[in-house]
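Text of data.cif, listed as mmCIF, C-alpha atoms:
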```cif
data_start
loop_
_atom_site.group_PDB
_atom_site.id
_atom_site.type_symbol
_atom_site.label_atom_id
_atom_site.label_comp_id
_atom_site.auth_asym_id
_atom_site.auth_seq_id
_atom_site.Cartn_x
_atom_site.Cartn_y
_atom_site.Cartn_z
ATOM 1 C CA MET A 22 57.792 135.786 283.857
ATOM 2 C CA LYS A 23 56.191 132.461 284.591
ATOM 3 C CA LEU A 24 53.935 133.840 287.302
ATOM 4 C CA PHE A 25 51.660 135.602 284.804
ATOM 5 C CA GLY A 26 52.342 133.362 281.794
ATOM 6 C CA TRP A 27 48.746 132.132 281.772
ATOM 7 C CA TYR A 28 47.512 135.712 281.377
ATOM 8 C CA ARG A 29 49.867 136.338 278.475
ATOM 9 C CA MET A 30 48.867 133.120 276.731
ATOM 10 C CA LEU A 31 45.185 134.044 277.077
ATOM 11 C CA MET A 32 45.920 137.466 275.590
ATOM 12 C CA ARG A 33 47.826 135.902 272.696
ATOM 13 C CA ASN A 34 44.983 133.532 271.870
ATOM 14 C CA PRO A 35 42.667 135.289 269.372
ATOM 15 C CA GLN A 36 39.621 133.413 270.674
ATOM 16 C CA SER A 37 39.971 134.566 274.280
ATOM 17 C CA ARG A 38 41.739 137.928 273.799
ATOM 18 C CA TRP A 39 38.606 140.099 273.922
ATOM 19 C CA LEU A 40 37.173 138.222 276.888
ATOM 20 C CA VAL A 41 40.383 138.846 278.835
ATOM 21 C CA ILE A 42 40.429 142.541 277.866
ATOM 22 C CA VAL A 43 36.798 143.096 278.882
ATOM 23 C CA GLY A 44 37.186 141.020 282.048
ATOM 24 C CA SER A 45 40.320 142.919 283.056
ATOM 25 C CA LEU A 46 38.664 146.293 282.501
ATOM 26 C CA LEU A 47 35.589 145.200 284.470
ATOM 27 C CA TYR A 48 37.812 144.054 287.337
ATOM 28 C CA LEU A 49 39.650 147.389 287.340
ATOM 29 C CA ILE A 50 36.447 149.446 287.622
ATOM 30 C CA SER A 51 34.633 147.018 289.915
ATOM 31 C CA PRO A 52 34.453 147.816 293.629
ATOM 32 C CA ILE A 53 35.041 144.119 294.401
ATOM 33 C CA ASP A 54 38.785 143.301 294.483
ATOM 34 C CA LEU A 55 41.107 140.648 295.819
ATOM 35 C CA SER A 56 42.545 143.273 298.119
ATOM 36 C CA PRO A 57 40.015 146.024 298.953
ATOM 37 C CA ASP A 58 40.923 149.575 297.976
ATOM 38 C CA VAL A 59 40.122 150.776 301.493
ATOM 39 C CA PHE A 60 43.663 149.909 302.561
ATOM 40 C CA PRO A 61 45.932 152.749 301.376
ATOM 41 C CA PHE A 62 48.796 150.895 299.667
ATOM 42 C CA LEU A 63 47.830 147.246 299.712
ATOM 43 C CA GLY A 64 44.471 147.878 298.052
ATOM 44 C CA GLN A 65 45.980 149.198 294.838
ATOM 45 C CA ILE A 66 48.598 146.474 294.298
ATOM 46 C CA ASP A 67 46.299 144.081 292.436
ATOM 47 C CA ASP A 68 44.895 146.906 290.308
ATOM 48 C CA VAL A 69 48.356 148.180 289.357
ATOM 49 C CA VAL A 70 49.630 144.694 288.490
ATOM 50 C CA LEU A 71 46.591 143.893 286.363
ATOM 51 C CA ALA A 72 46.642 147.284 284.621
ATOM 52 C CA SER A 73 50.351 146.969 283.811
ATOM 53 C CA LEU A 74 49.874 143.453 282.431
ATOM 54 C CA LEU A 75 46.852 144.494 280.398
ATOM 55 C CA PHE A 76 48.433 147.606 278.909
ATOM 56 C CA SER A 77 51.768 145.948 278.151
ATOM 57 C CA GLU A 78 50.039 143.113 276.295
ATOM 58 C CA LEU A 79 47.690 145.518 274.512
ATOM 59 C CA PHE A 80 50.555 147.719 273.345
ATOM 60 C CA GLN A 81 52.536 144.710 272.158
ATOM 61 C CA TRP A 82 49.489 143.462 270.277
ATOM 62 C CA LEU A 83 48.710 146.842 268.720
ATOM 63 C CA LEU A 84 52.302 147.705 267.800
ATOM 64 C CA GLY A 85 53.583 144.235 266.990
ATOM 65 C CA GLY A 86 50.697 142.884 264.966
ATOM 66 C CA ASN A 87 51.054 139.125 264.449
ATOM 67 C CA GLN A 88 54.065 138.764 266.722
ATOM 68 C CA LEU A 89 51.808 137.906 269.660
ATOM 69 C CA GLU A 90 50.253 134.881 268.008
ATOM 70 C CA PRO A 91 51.334 131.718 269.847
ATOM 71 C CA THR A 92 53.637 129.370 268.031
ATOM 72 C CA VAL A 93 52.988 125.666 267.558
ATOM 73 C CA ASN A 94 55.760 124.623 269.902
ATOM 74 C CA ASP A 95 56.161 127.652 272.135
ATOM 75 C CA LYS A 96 57.959 125.537 274.731
ATOM 76 C CA ALA A 97 60.907 124.582 272.534
ATOM 77 C CA GLN A 98 62.452 128.023 272.308
ATOM 78 C CA PRO A 99 66.218 127.920 272.767
ATOM 79 C CA GLY A 100 67.709 129.409 275.873
ATOM 80 C CA ARG A 101 64.853 128.726 278.237
ATOM 81 C CA ALA A 102 65.666 127.493 281.721
ATOM 82 C CA ASP A 103 63.259 124.556 281.578
ATOM 83 C CA ASP A 104 64.901 123.185 278.405
ATOM 84 C CA MET A 105 67.482 121.322 280.478
ATOM 85 C CA ASN A 106 64.839 118.963 281.860
ATOM 86 C CA ASP A 107 62.912 118.584 278.597
ATOM 87 C CA PRO A 108 63.887 115.316 276.833
ATOM 88 C CA THR A 109 62.502 116.521 273.484
ATOM 89 C CA VAL A 110 65.005 119.359 273.179
ATOM 90 C CA GLN A 111 68.061 118.239 271.272
ATOM 91 C CA THR A 112 71.475 119.796 271.562
ATOM 92 C CA VAL A 113 73.995 119.857 268.742
ATOM 93 C CA ASP A 114 77.668 119.995 269.652
ATOM 94 C CA VAL A 115 79.838 121.800 267.133
ATOM 95 C CA GLU A 116 83.614 121.935 267.100
ATOM 96 C CA ALA A 117 84.822 125.284 265.810
ATOM 97 C CA VAL A 118 87.901 125.345 263.613
ATOM 98 C CA SER A 119 89.742 128.533 262.785
ATOM 99 C CA ILE A 120 90.667 128.935 259.132
ATOM 100 C CA ASP A 121 93.241 131.519 258.152
ATOM 101 C CA GLU A 122 92.557 133.380 254.934
ATOM 102 C CA GLU A 123 96.204 133.330 253.915
ATOM 103 C CA PRO A 124 98.165 130.448 255.351
ATOM 104 C CA THR A 125 101.645 131.330 256.473
ATOM 105 C CA ARG A 126 104.205 130.062 253.964
ATOM 106 C CA LYS A 127 107.905 130.182 254.024
ATOM 107 C CA ARG A 128 109.226 132.216 251.139
ATOM 108 C CA LYS A 129 112.183 130.905 249.173
ATOM 109 C CA LYS A 130 114.998 133.268 248.327
#
```
Could you spell out this file's structure in structure tokens?
Amino acid sequence: MKLFGWYRMLMRNPQSRWLVIVGSLLYLISPIDLSPDVFPFLGQIDDVVLASLLFSELFQWLLGGNQLEPTVNDKAQPGRADDMNDPTVQTVDVEAVSIDEEPTRKRKK
């Protein structure tokens, strides 16, 4: 989810985690929103998106412990779509060879 990747990286950074949590909670209870809550459905979209992001990251942090800490090279994870255009990612070609446990031999009579 690249759209909210900046939010996740801020939550995973120990220095800015509490600022993001407090800021998100203040935004949720504040009467000032990107889309006002006066509109029946459209007013709650930003609140629902922010609350779901906040709670999913909080639960991952509380249940997962150190798994949310950012890695040194978070970009070089295998299987990512942007790896194809990244010249630093190296690919290793491997030729697989099947080895039989018992080779077939002709028995002499």
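The shortest atom-to-atom distance to Val70 in chain A, with only C-alpha atoms taken into account, belongs to A:Leu55 out of A:Leu55, A:Leu83, A:Val43, A:Val113.
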- Item | For Asp67 in chain A: contacts at 12 Å, all atoms listed in the file, fewer than 4 positions along chain excluded, given as a list in words | Ser45, Tyr48, Leu49, Ile53, Asp54, Leu55, Ser56, Pro57, Asp58, Phe60, Phe62, Leu63, Leu71, Ala72, Ser73 and Leu74 of chain A
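Here CA of Arg29 in chain A is placed at a distance of 8.9 Å from CA of Leu75 in chain A.
Note that the spacing between CA of Arg33 in chain A and CA of Gln81 in chain A amounts to 10.0 Å.
The coordinates place CA of Ile50 in chain A at 23.9 Å from CA of Pro35 in chain A.
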Range 64-75 of chain A, all listed atoms, 4 Å padding on each side: what axis-aligned box centre and edge lengths in Å to one decimal come out, as lines of an AutoDock Vina configuration file?
```
center_x = 47.4
center_y = 146.3
center_z = 289.2
size_x = 13.9
size_y = 13.7
size_z = 25.7
```
- Item | Residue nearest Gly64 in chain A among A:Trp39, A:Asn34, A:Pro52, A:Asp121 (counting all atoms listed in the file) | A:Pro52
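Distance check against Leu79 in chain A using only C-alpha atoms: of A:Ile42, A:Leu24, A:Leu31, A:Val115, the minimum falls on A:Ile42.
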